[in-house]
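Containing PDB, C-alpha atoms and all ligand atoms: work04.pdb.
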```pdb
ATOM      1  CA  MET K 118      14.508 -27.903  -2.171
ATOM      2  CA  LYS K 119      12.670 -25.150  -3.999
ATOM      3  CA  LEU K 120      10.601 -26.432  -6.925
ATOM      4  CA  ALA K 121       9.430 -23.970  -9.545
ATOM      5  CA  ARG K 122       7.244 -24.332 -12.615
ATOM      6  CA  PHE K 123       8.098 -22.005 -15.476
ATOM      7  CA  ASP K 124       8.155 -21.259 -19.199
ATOM      8  CA  GLY K 125       5.266 -23.497 -20.238
ATOM      9  CA  GLY K 126       5.162 -26.224 -17.597
ATOM     10  CA  ARG K 127       8.907 -26.820 -17.218
ATOM     11  CA  ILE K 128      10.050 -27.819 -13.729
ATOM     12  CA  GLY K 129      13.163 -26.426 -12.096
ATOM     13  CA  ILE K 130      15.053 -26.340  -8.835
ATOM     14  CA  VAL K 131      15.737 -22.826  -7.551
ATOM     15  CA  GLU K 132      19.171 -22.177  -6.060
ATOM     16  CA  ASN K 133      20.954 -18.894  -5.423
ATOM     17  CA  GLY K 134      18.605 -16.847  -7.553
ATOM     18  CA  ASN K 135      18.821 -19.217 -10.507
ATOM     19  CA  VAL K 136      16.543 -21.851 -11.982
ATOM     20  CA  LEU K 137      18.050 -25.248 -12.805
ATOM     21  CA  ASP K 138      15.858 -26.983 -15.384
ATOM     22  CA  VAL K 139      15.242 -30.589 -14.305
ATOM     23  CA  THR K 140      12.180 -31.241 -16.466
ATOM     24  CA  ALA K 141      13.706 -34.262 -18.243
ATOM     25  CA  ALA K 142      14.525 -35.981 -14.932
ATOM     26  CA  THR K 143      10.970 -35.513 -13.632
ATOM     27  CA  GLY K 144       9.459 -37.449 -16.528
ATOM     28  CA  VAL K 145       6.818 -34.728 -16.816
ATOM     29  CA  ASP K 146       5.379 -34.119 -20.288
ATOM     30  CA  THR K 147       4.996 -30.336 -20.483
ATOM     31  CA  THR K 148       2.409 -30.667 -23.281
ATOM     32  CA  MET K 149       0.019 -32.887 -21.315
ATOM     33  CA  TRP K 150      -3.505 -31.743 -20.591
ATOM     34  CA  PRO K 151      -4.686 -31.436 -17.913
ATOM     35  CA  PRO K 152      -1.389 -30.104 -16.547
ATOM     36  CA  VAL K 153      -0.942 -32.476 -13.613
ATOM     37  CA  GLY K 154       2.814 -33.024 -13.933
ATOM     38  CA  MET K 155       3.678 -31.402 -10.604
ATOM     39  CA  VAL K 156       0.941 -33.412  -8.847
ATOM     40  CA  GLN K 157       2.460 -36.616 -10.237
ATOM     41  CA  LEU K 158       5.948 -35.501  -9.239
ATOM     42  CA  ILE K 159       4.829 -34.744  -5.659
ATOM     43  CA  ALA K 160       3.115 -38.145  -5.413
ATOM     44  CA  LYS K 161       6.327 -39.924  -6.497
ATOM     45  CA  PHE K 162       8.829 -37.478  -5.052
ATOM     46  CA  ALA K 163      10.661 -39.983  -2.845
ATOM     47  CA  ASP K 164      11.512 -42.041  -5.936
ATOM     48  CA  LYS K 165      12.425 -39.043  -8.098
ATOM     49  CA  LYS K 166      14.371 -36.850  -5.706
ATOM     50  CA  ASP K 167      17.850 -38.268  -6.324
ATOM     51  CA  ALA K 168      17.424 -37.970 -10.095
ATOM     52  CA  LEU K 169      16.345 -34.340  -9.704
ATOM     53  CA  VAL K 170      19.375 -33.491  -7.584
ATOM     54  CA  ALA K 171      21.678 -35.162 -10.127
ATOM     55  CA  ALA K 172      20.029 -33.322 -13.023
ATOM     56  CA  ALA K 173      20.347 -29.998 -11.219
ATOM     57  CA  LYS K 174      24.106 -30.476 -10.911
ATOM     58  CA  LYS K 175      24.388 -30.687 -14.707
ATOM     59  CA  ALA K 176      21.889 -27.945 -15.536
ATOM     60  CA  GLN K 177      22.833 -24.510 -16.834
ATOM     61  CA  PRO K 178      21.724 -21.905 -14.247
ATOM     62  CA  VAL K 179      19.238 -19.367 -15.608
ATOM     63  CA  PRO K 180      18.594 -16.210 -13.557
ATOM     64  CA  LEU K 181      15.092 -16.154 -12.070
ATOM     65  CA  ASP K 182      14.308 -12.812 -13.713
ATOM     66  CA  ARG K 183      14.843 -14.429 -17.114
ATOM     67  CA  VAL K 184      12.039 -16.985 -16.710
ATOM     68  CA  PHE K 185       8.232 -16.737 -16.550
ATOM     69  CA  LEU K 186       7.197 -18.210 -13.212
ATOM     70  CA  GLU K 187       3.909 -20.121 -13.394
ATOM     71  CA  THR K 188       1.870 -21.381 -10.507
ATOM     72  CA  PRO K 189       3.555 -24.556  -9.213
ATOM     73  CA  ILE K 190       0.388 -26.686  -9.143
ATOM     74  CA  PRO K 191      -2.142 -25.439 -11.718
ATOM     75  CA  TRP K 192      -4.438 -28.473 -11.521
ATOM     76  CA  PRO K 193      -4.646 -29.778  -7.933
ATOM     77  CA  ASN K 194      -7.437 -32.082  -6.833
ATOM     78  CA  LYS K 195      -8.627 -29.206  -4.660
ATOM     79  CA  LEU K 196      -7.839 -25.756  -3.319
ATOM     80  CA  VAL K 197      -9.002 -25.502   0.283
ATOM     81  CA  ALA K 198      -9.126 -22.267   2.270
ATOM     82  CA  ILE K 199      -9.641 -21.320   5.904
ATOM     83  CA  PRO K 200     -11.681 -18.185   6.661
ATOM     84  CA  VAL K 201     -10.770 -15.695   9.383
ATOM     85  CA  ASN K 202      -7.936 -17.621  11.013
ATOM     86  CA  TYR K 203      -6.187 -14.890  13.024
ATOM     87  CA  HIS K 204      -7.851 -13.284  16.048
ATOM     88  CA  ALA K 205      -7.013  -9.730  15.003
ATOM     89  CA  HIS K 206      -8.523 -10.261  11.520
ATOM     90  CA  ALA K 207     -11.697 -11.668  13.108
ATOM     91  CA  ILE K 208     -12.055  -8.421  15.045
ATOM     92  CA  GLU K 209     -11.268  -6.345  11.937
ATOM     93  CA  MET K 210     -13.979  -8.098   9.917
ATOM     94  CA  SER K 211     -16.486  -8.045  12.814
ATOM     95  CA  SER K 212     -16.769 -11.754  12.143
ATOM     96  CA  PRO K 213     -18.718 -13.670  14.761
ATOM     97  CA  ALA K 214     -17.670 -17.033  13.353
ATOM     98  CA  ILE K 215     -13.983 -17.553  13.988
ATOM     99  CA  SER K 216     -12.511 -20.413  12.037
ATOM    100  CA  ARG K 217     -12.637 -22.936  14.856
ATOM    101  CA  ASN K 218     -16.336 -22.892  14.106
ATOM    102  CA  ALA K 219     -16.330 -21.811  10.476
ATOM    103  CA  GLY K 220     -14.493 -24.803   8.989
ATOM    104  CA  PHE K 221     -13.182 -24.363   5.480
ATOM    105  CA  PHE K 222     -14.335 -23.369   2.019
ATOM    106  CA  ILE K 223     -13.225 -24.255  -1.496
ATOM    107  CA  LYS K 224     -11.855 -21.860  -4.121
ATOM    108  CA  SER K 225     -11.907 -22.693  -7.799
ATOM    109  CA  ASN K 226      -8.695 -24.333  -9.004
ATOM    110  CA  SER K 227      -8.861 -22.091 -12.060
ATOM    111  CA  SER K 228      -8.250 -19.054  -9.848
ATOM    112  CA  LEU K 229      -4.623 -20.208  -9.435
ATOM    113  CA  SER K 230      -1.943 -18.077 -11.069
ATOM    114  CA  GLY K 231       1.816 -17.670 -10.809
ATOM    115  CA  ALA K 232       4.350 -15.100  -9.673
ATOM    116  CA  SER K 233       4.939 -13.695 -13.167
ATOM    117  CA  GLN K 234       1.243 -13.222 -13.898
ATOM    118  CA  PRO K 235      -0.820 -10.156 -12.922
ATOM    119  CA  ILE K 236      -3.932 -10.198 -10.772
ATOM    120  CA  ILE K 237      -6.752  -9.135 -13.126
ATOM    121  CA  LEU K 238      -9.512  -7.227 -11.331
ATOM    122  CA  PRO K 239     -13.106  -7.625 -12.513
ATOM    123  CA  ASP K 240     -15.001  -4.401 -13.176
ATOM    124  CA  LEU K 241     -17.396  -4.312 -10.216
ATOM    125  CA  HIS K 242     -18.803  -0.874  -9.520
ATOM    126  CA  GLY K 243     -19.084  -0.115  -5.818
ATOM    127  CA  ARG K 244     -17.256  -3.239  -4.668
ATOM    128  CA  GLU K 245     -13.925  -3.496  -2.888
ATOM    129  CA  ILE K 246     -11.341  -6.074  -3.891
ATOM    130  CA  HIS K 247      -8.874  -6.989  -1.128
ATOM    131  CA  HIS K 248      -5.521  -8.688  -0.685
ATOM    132  CA  GLU K 249      -5.137 -11.487   1.869
ATOM    133  CA  ALA K 250      -1.607 -12.782   2.554
ATOM    134  CA  GLU K 251      -1.569 -16.469   3.475
ATOM    135  CA  LEU K 252       0.738 -19.415   4.024
ATOM    136  CA  ALA K 253      -0.069 -22.174   1.524
ATOM    137  CA  VAL K 254       0.355 -25.771   2.671
ATOM    138  CA  ILE K 255       1.008 -28.301  -0.106
ATOM    139  CA  ILE K 256      -0.116 -31.837   0.713
ATOM    140  CA  GLY K 257       2.353 -34.640  -0.061
ATOM    141  CA  ARG K 258       0.507 -37.845   0.828
ATOM    142  CA  GLU K 259      -3.001 -39.174   0.514
ATOM    143  CA  GLY K 260      -4.735 -38.980   3.861
ATOM    144  CA  ARG K 261      -8.150 -39.338   5.473
ATOM    145  CA  ASN K 262      -8.869 -38.775   9.152
ATOM    146  CA  VAL K 263      -5.276 -37.682   9.718
ATOM    147  CA  ARG K 264      -4.511 -37.276  13.401
ATOM    148  CA  ARG K 265      -3.230 -33.937  14.554
ATOM    149  CA  GLU K 266      -0.010 -35.486  15.835
ATOM    150  CA  ASP K 267       0.667 -37.081  12.421
ATOM    151  CA  ALA K 268      -0.362 -34.097  10.314
ATOM    152  CA  LEU K 269       3.066 -32.638   9.561
ATOM    153  CA  ASP K 270       4.033 -35.952   7.903
ATOM    154  CA  TYR K 271       1.419 -35.237   5.234
ATOM    155  CA  ILE K 272       2.944 -31.919   4.156
ATOM    156  CA  PHE K 273       5.093 -31.793   1.028
ATOM    157  CA  GLY K 274       5.951 -28.132   1.277
ATOM    158  CA  TYR K 275       4.833 -24.538   1.500
ATOM    159  CA  ALA K 276       4.355 -21.509  -0.738
ATOM    160  CA  CYS K 277       3.236 -17.895  -0.596
ATOM    161  CA  LEU K 278      -0.455 -17.448  -1.437
ATOM    162  CA  LEU K 279      -2.657 -14.427  -2.074
ATOM    163  CA  ASP K 280      -6.350 -15.024  -1.444
ATOM    164  CA  ILE K 281      -7.788 -12.166  -3.492
ATOM    165  CA  THR K 282     -11.331 -11.384  -2.455
ATOM    166  CA  VAL K 283     -14.290  -9.308  -3.599
ATOM    167  CA  ARG K 284     -15.970  -8.112  -0.399
ATOM    168  CA  GLY K 285     -19.716  -8.580  -0.209
ATOM    169  CA  LYS K 286     -22.441 -11.046   0.541
ATOM    170  CA  GLN K 287     -22.182 -13.461  -2.345
ATOM    171  CA  GLU K 288     -20.824 -16.896  -1.513
ATOM    172  CA  ARG K 289     -17.094 -16.899  -0.733
ATOM    173  CA  ALA K 290     -16.539 -19.519  -3.423
ATOM    174  CA  MET K 291     -17.734 -17.026  -6.039
ATOM    175  CA  ARG K 292     -16.170 -13.823  -4.704
ATOM    176  CA  LYS K 293     -12.749 -15.507  -4.397
ATOM    177  CA  SER K 294     -12.723 -17.598  -7.568
ATOM    178  CA  TYR K 295     -12.111 -15.079 -10.333
ATOM    179  CA  ASP K 296      -9.259 -16.089 -12.631
ATOM    180  CA  THR K 297      -5.914 -14.934 -11.133
ATOM    181  CA  PHE K 298      -7.436 -14.520  -7.633
ATOM    182  CA  THR K 299      -5.111 -17.108  -6.116
ATOM    183  CA  PRO K 300      -1.487 -16.320  -6.951
ATOM    184  CA  VAL K 301       0.663 -19.130  -5.486
ATOM    185  CA  GLY K 302       4.441 -19.209  -5.606
ATOM    186  CA  PRO K 303       7.008 -18.149  -6.438
ATOM    187  CA  TRP K 304       7.842 -21.850  -5.966
ATOM    188  CA  ILE K 305       7.200 -24.689  -3.503
ATOM    189  CA  THR K 306       9.711 -24.885  -0.671
ATOM    190  CA  THR K 307       9.824 -28.443   0.630
ATOM    191  CA  ALA K 308       8.865 -29.030   4.263
ATOM    192  CA  ASP K 309      12.385 -30.067   5.322
ATOM    193  CA  GLU K 310      13.657 -26.551   4.522
ATOM    194  CA  VAL K 311      10.856 -24.814   6.409
ATOM    195  CA  GLY K 312      10.637 -26.799   9.635
ATOM    196  CA  ASP K 313       8.035 -25.637  12.137
ATOM    197  CA  PRO K 314       5.075 -24.020  10.300
ATOM    198  CA  SER K 315       3.907 -22.370  13.524
ATOM    199  CA  ASP K 316       6.729 -19.827  13.568
ATOM    200  CA  LEU K 317       6.690 -18.094  10.190
ATOM    201  CA  ASP K 318       6.467 -14.360   9.596
ATOM    202  CA  VAL K 319       3.931 -13.508   6.886
ATOM    203  CA  LYS K 320       4.197  -9.992   5.465
ATOM    204  CA  LEU K 321       2.469  -8.160   2.646
ATOM    205  CA  TRP K 322       3.211  -4.836   1.017
ATOM    206  CA  VAL K 323       1.182  -2.857  -1.513
ATOM    207  CA  ASN K 324       3.807  -0.961  -3.471
ATOM    208  CA  ASP K 325       6.209   0.032  -0.674
ATOM    209  CA  THR K 326       3.644   0.188   2.149
ATOM    210  CA  LEU K 327       3.585  -2.664   4.658
ATOM    211  CA  ARG K 328      -0.083  -3.650   5.043
ATOM    212  CA  GLN K 329       0.012  -7.033   6.776
ATOM    213  CA  SER K 330       2.539  -8.429   9.238
ATOM    214  CA  ALA K 331       1.793 -11.472  11.359
ATOM    215  CA  ASN K 332       3.275 -14.714  12.570
ATOM    216  CA  THR K 333       1.674 -18.099  12.007
ATOM    217  CA  ARG K 334       1.815 -18.731  15.786
ATOM    218  CA  ASP K 335      -1.211 -16.406  15.993
ATOM    219  CA  MET K 336      -3.447 -18.667  13.907
ATOM    220  CA  ILE K 337      -6.711 -19.593  15.604
ATOM    221  CA  ILE K 338      -6.417 -23.163  14.328
ATOM    222  CA  ASP K 339      -2.857 -24.172  13.483
ATOM    223  CA  VAL K 340      -1.584 -26.134  10.505
ATOM    224  CA  PRO K 341      -1.861 -29.622  12.107
ATOM    225  CA  GLU K 342      -5.425 -28.889  13.217
ATOM    226  CA  ILE K 343      -6.332 -27.604   9.741
ATOM    227  CA  ILE K 344      -5.122 -30.865   8.188
ATOM    228  CA  ALA K 345      -6.959 -32.935  10.802
ATOM    229  CA  MET K 346     -10.160 -30.955  10.234
ATOM    230  CA  ALA K 347     -10.061 -31.005   6.437
ATOM    231  CA  SER K 348      -9.166 -34.696   6.273
ATOM    232  CA  SER K 349     -12.000 -35.555   8.657
ATOM    233  CA  VAL K 350     -14.330 -34.469   5.837
ATOM    234  CA  MET K 351     -12.532 -35.395   2.631
ATOM    235  CA  THR K 352      -9.513 -37.330   1.435
ATOM    236  CA  LEU K 353      -6.487 -35.114   0.928
ATOM    237  CA  TYR K 354      -4.343 -35.924  -2.102
ATOM    238  CA  PRO K 355      -0.771 -35.090  -3.113
ATOM    239  CA  GLY K 356      -0.722 -31.602  -4.568
ATOM    240  CA  ASP K 357      -3.781 -30.345  -2.716
ATOM    241  CA  ILE K 358      -3.314 -26.725  -1.660
ATOM    242  CA  ILE K 359      -4.568 -25.297   1.624
ATOM    243  CA  ALA K 360      -4.743 -21.525   2.132
ATOM    244  CA  THR K 361      -4.363 -21.214   5.888
ATOM    245  CA  GLY K 362      -6.096 -17.865   6.426
ATOM    246  CA  THR K 363      -5.032 -14.264   6.679
ATOM    247  CA  SER K 364      -4.109 -11.837   9.435
ATOM    248  CA  GLU K 365      -5.347  -8.320  10.056
ATOM    249  CA  GLY K 366      -4.499  -5.519   7.638
ATOM    250  CA  VAL K 367      -6.437  -6.634   4.557
ATOM    251  CA  GLY K 368      -7.270  -3.801   2.194
ATOM    252  CA  ARG K 369      -8.014  -2.641  -1.317
ATOM    253  CA  ILE K 370      -5.866  -3.279  -4.331
ATOM    254  CA  ALA K 371      -6.113  -1.289  -7.544
ATOM    255  CA  ASP K 372      -4.871  -1.116 -11.108
ATOM    256  CA  GLY K 373      -1.143  -0.423 -11.379
ATOM    257  CA  GLU K 374      -0.214  -1.495  -7.855
ATOM    258  CA  VAL K 375       2.283  -4.195  -6.969
ATOM    259  CA  VAL K 376       1.458  -6.663  -4.186
ATOM    260  CA  THR K 377       4.420  -8.340  -2.484
ATOM    261  CA  ILE K 378       4.130 -11.259  -0.071
ATOM    262  CA  GLU K 379       7.042 -12.644   1.936
ATOM    263  CA  ILE K 380       7.031 -15.657   4.247
ATOM    264  CA  SER K 381      10.121 -16.511   6.240
ATOM    265  CA  ARG K 382      11.976 -19.619   5.007
ATOM    266  CA  VAL K 383       9.380 -20.036   2.210
ATOM    267  CA  GLY K 384       9.811 -17.235  -0.324
ATOM    268  CA  ARG K 385       8.833 -13.819  -1.595
ATOM    269  CA  MET K 386       6.871 -12.841  -4.669
ATOM    270  CA  SER K 387       5.648  -9.603  -6.198
ATOM    271  CA  VAL K 388       2.541  -9.595  -8.374
ATOM    272  CA  HIS K 389       1.214  -6.733 -10.493
ATOM    273  CA  VAL K 390      -2.442  -5.673 -10.388
ATOM    274  CA  LYS K 391      -4.302  -4.820 -13.586
ATOM    275  CA  GLN K 392      -7.836  -3.652 -14.202
ATOM    276  CA  GLY K 393      -9.861  -6.067 -16.296
ATOM    277  CA  VAL K 394     -13.450  -6.179 -17.489
ATOM    278  CA  GLY K 395     -16.606  -8.065 -16.610
ATOM    279  CA  GLY K 396     -17.559  -9.849 -13.415
ATOM    280  CA  SER K 397     -20.838 -10.588 -11.731
ATOM    281  CA  ASN K 398     -22.273  -7.750  -9.696
ATOM    282  CA  ILE K 399     -25.983  -8.474  -9.601
ATOM    283  CA  ALA K 400     -27.863  -7.189  -6.594
ATOM    284  CA  MET K 401     -27.956  -9.843  -3.909
ATOM    285  CA  PRO K 402     -30.292 -10.249  -0.978
ATOM    286  CA  ALA K 403     -28.559 -10.734   2.364
ATOM    287  CA  VAL K 404     -27.198 -14.223   2.812
ATOM    288  CA  ILE K 405     -29.276 -16.246   5.219
TER     289      ILE K 405
HETATM  290 MN    MN P 501      -8.371 -15.874   3.008
END
```
Would you write the structure of this file as structure tokens?
Ligand code: MN
Amino acid sequence: MKLARFDGGRIGIVENGNVLDVTAATGVDTTMWPPVGMVQLIAKFADKKDALVAAAKKAQPVPLDRVFLETPIPWPNKLVAIPVNYHAHAIEMSSPAISRNAGFFIKSNSSLSGASQPIILPDLHGREIHHEAELAVIIGREGRNVRREDALDYIFGYACLLDITVRGKQERAMRKSYDTFTPVGPWITTADEVGDPSDLDVKLWVNDTLRQSANTRDMIIDVPEIIAMASSVMTLYPGDIIATGTSEGVGRIADGEVVTIEISRVGRMSVHVKQGVGGSNIAMPAVI
């Protein structure tokens, strides 16, 4: 099943290029704040699934290009990210700390945006802002100290994720947490439709130029190990999002460009880039 969030917090099932609005069957109140409806739905999905399928059969199909696709989970408990998780990217970044040693970091939840929203670049003179194409893992069950061999049971689904990054020596959490710096979407594809997460092609284009092309089999630490590692530190909750790291080929994005990410069996989304204002560009001493 492909679960989208659109048009002001509505929830739909995507089939054949159409959205089937199943909001009423989810029980989600689209006006609630904070907007945790999708988190609640994921937590109770086993109980709700049949009602969603029945509602989809009665729904009027609306073409995807007629709806505004929002990020599926705008208010997760946390947004976890893995640095430098492909060997070739480690070489490209001259990074001595590959992710087996580097662990994870946290991005701000408020950096999440959806497929129909542009990436807004801060105005940072002399700084480069890069695309990173990543597989997003969406957690489906609460878990602590999850064993590697059980880890796939904790996954609800997957999505395409762009980990937009200001290069430099400030903390990652700051450089990667600007609003709109984590487009996730265009929907969540449930784990049963994706199967093995260690054999997915992840590609990224800027306009028509292919910039990144990798397969998740080349991750330094794979998806089960990521879940085991993260849950050895903190409890994972339904709706938590894990950005699993990027491959080689990262590069600059600029005003007016279109960034497209495609992950086999998961989805494809194209996001526009727009120049914005502001941002923090104070001189920083080298990180120690
Ligand atoms: Mn990244």
Requested in this report: Enumerate residues in contact with ligand MN 501 (chain P): an atom-to-atom distance of at most 6 Å, counting all atoms listed in the file. Format the result as a PyMOL selection string.
Outcome: chain K and resi 200+249+280+362-363
Requested in this report: Might you spell out which residues the PyMOL selection byres (((chain K and resi 174-177) around 8) and not hetatm) would select in the displayed file, as a PyMOL selection string?
Outcome: chain K and resi 137-139+170-173+178-179
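Minimum atom-to-atom distances from K:Lys161, K:Arg127, K:Arg244, K:Arg261 to K:Met346 were compared using only C-alpha atoms, and the lowest value belongs to K:Arg261.
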Could you spell out the hits of the PyMOL selection byres (((chain K and resi 202) around 8) and not hetatm) on the shown file, as a PDB file with C-alpha atoms, in the frame of the given file?
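The resulting out25.pdb:
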```
ATOM      1  CA  ILE K 199      -9.641 -21.320   5.904  1.00  0.00           C
ATOM      2  CA  PRO K 200     -11.681 -18.185   6.661  1.00  0.00           C
ATOM      3  CA  VAL K 201     -10.770 -15.695   9.383  1.00  0.00           C
ATOM      4  CA  TYR K 203      -6.187 -14.890  13.024  1.00  0.00           C
ATOM      5  CA  HIS K 204      -7.851 -13.284  16.048  1.00  0.00           C
ATOM      6  CA  HIS K 206      -8.523 -10.261  11.520  1.00  0.00           C
ATOM      7  CA  ALA K 207     -11.697 -11.668  13.108  1.00  0.00           C
ATOM      8  CA  ILE K 215     -13.983 -17.553  13.988  1.00  0.00           C
ATOM      9  CA  SER K 216     -12.511 -20.413  12.037  1.00  0.00           C
ATOM     10  CA  MET K 336      -3.447 -18.667  13.907  1.00  0.00           C
ATOM     11  CA  ILE K 337      -6.711 -19.593  15.604  1.00  0.00           C
ATOM     12  CA  ILE K 338      -6.417 -23.163  14.328  1.00  0.00           C
ATOM     13  CA  THR K 361      -4.363 -21.214   5.888  1.00  0.00           C
ATOM     14  CA  GLY K 362      -6.096 -17.865   6.426  1.00  0.00           C
ATOM     15  CA  THR K 363      -5.032 -14.264   6.679  1.00  0.00           C
ATOM     16  CA  SER K 364      -4.109 -11.837   9.435  1.00  0.00           C
TER      17      SER K 364
END
```
Query raised in the report: Smallest atom-to-atom distance to K:Gly125: which of K:Gly144, K:Gly285, K:Pro189, K:Gly356, using all atoms listed in the file?
Result: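 Smallest separation from K:Gly125 among the options: K:Pro189.
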Report task. Would you mind telling me which residue in K:Thr307, K:Gln329, K:Ser315, K:Asn262 lies nearest to K:Glu365 when using all atoms listed in the file? Result ->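 Comparing K:Thr307, K:Gln329, K:Ser315, K:Asn262 against K:Glu365, the winner is K:Gln329.
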Query raised in the report: In terms of the shortest atom-to-atom distance over only C-alpha atoms, which of K:Ser348, K:Thr333, K:Ser233, K:Thr306 is closest to K:His389?
Result: K:Ser233
Report task. Considering only C-alpha atoms, state which residue in the set K:Gly129, K:Tyr275, K:Glu342, K:Ile359 is at the smallest distance from K:Arg217. Result ->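 Among K:Gly129, K:Tyr275, K:Glu342, K:Ile359, it is K:Glu342 that comes nearest to K:Arg217.
Relative to atom CA of K:Ala198, atom CA of K:Arg328 is found at 20.9 Å.
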**Report entry** atom CA of K:Ala121 to atom CA of K:Gly231, distance in Å rounded to a single decimal
**Finding:**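 Separation between atom CA of K:Ala121 and atom CA of K:Gly231: 10.0 Å.
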Report task. Run the PyMOL selection byres (((chain K and resi 239) around 8) and not hetatm) mentally over the shown coordinates, then write out the matched residues as a PyMOL selection string, using the chain letters and numbers from the document. Result -> chain K and resi 237-238+240-241+295+392-396
**Report entry** Shortest interatomic distance to K:Leu327 - which of K:Ile236, K:Ile358, K:Val367, K:Met118, counting all atoms listed in the file
**Finding:**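 Closest to K:Leu327, using all atoms listed in the file: K:Val367.
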**Report entry** Length of the atom CA of K:Ser225 to atom CA of K:Ser294 vector [Å]
**Finding:** 5.2 Å
**Report entry** Surrounding residues of K:Lys320 excluding itself and chain neighbours under 4 positions, 6 Å, all atoms listed in the file, as a VMD selection string
**Finding:** chain K and resid 329 to 330 378 to 379
**Report entry** Residues within 9 Å of K:Arg334, all atoms listed in the file, excluding chain neighbours under 3 positions, as a ChimeraX atom specification
**Finding:** /K:314-318,331,337,339
Query raised in the report: Please, which residues are within 8 Å of (4.8, -20.5, -7.8) by the file's coordinates, counting all atoms listed in the file, and could they come as a PyMOL selection string?
Result: chain K and resi 121-122+186-190+230-232+276-277+300-305
Selection to disk with C-alpha atoms, as a short mmCIF file (atom, residue, chain, number, x, y, z; two decimals), in the frame of the given file:
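So the final result, stored in selection.cif, reads:
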```
data_model
loop_
_atom_site.label_atom_id
_atom_site.label_comp_id
_atom_site.auth_asym_id
_atom_site.auth_seq_id
_atom_site.Cartn_x
_atom_site.Cartn_y
_atom_site.Cartn_z
CA ALA K 121 9.43 -23.97 -9.54
CA ARG K 122 7.24 -24.33 -12.62
CA LEU K 186 7.20 -18.21 -13.21
CA GLU K 187 3.91 -20.12 -13.39
CA THR K 188 1.87 -21.38 -10.51
CA PRO K 189 3.56 -24.56 -9.21
CA ILE K 190 0.39 -26.69 -9.14
CA SER K 230 -1.94 -18.08 -11.07
CA GLY K 231 1.82 -17.67 -10.81
CA ALA K 232 4.35 -15.10 -9.67
CA ALA K 276 4.36 -21.51 -0.74
CA CYS K 277 3.24 -17.90 -0.60
CA PRO K 300 -1.49 -16.32 -6.95
CA VAL K 301 0.66 -19.13 -5.49
CA GLY K 302 4.44 -19.21 -5.61
CA PRO K 303 7.01 -18.15 -6.44
CA TRP K 304 7.84 -21.85 -5.97
CA ILE K 305 7.20 -24.69 -3.50
#
```
Report task. Give me the residues within 7 Å of K:Thr299 as a PyMOL selection string, counting only C-alpha atoms and dropping any in the same chain fewer than 6 places off. Result -> chain K and resi 228-230+278-281
Query raised in the report: Using all atoms listed in the file, which residues sit within 10 Å of K:Tyr271 once same-chain residues fewer than 2 positions away are excluded, as a PyMOL selection string?
Result: chain K and resi 254-260+263+267-269+273-274+308+341+344+353-355
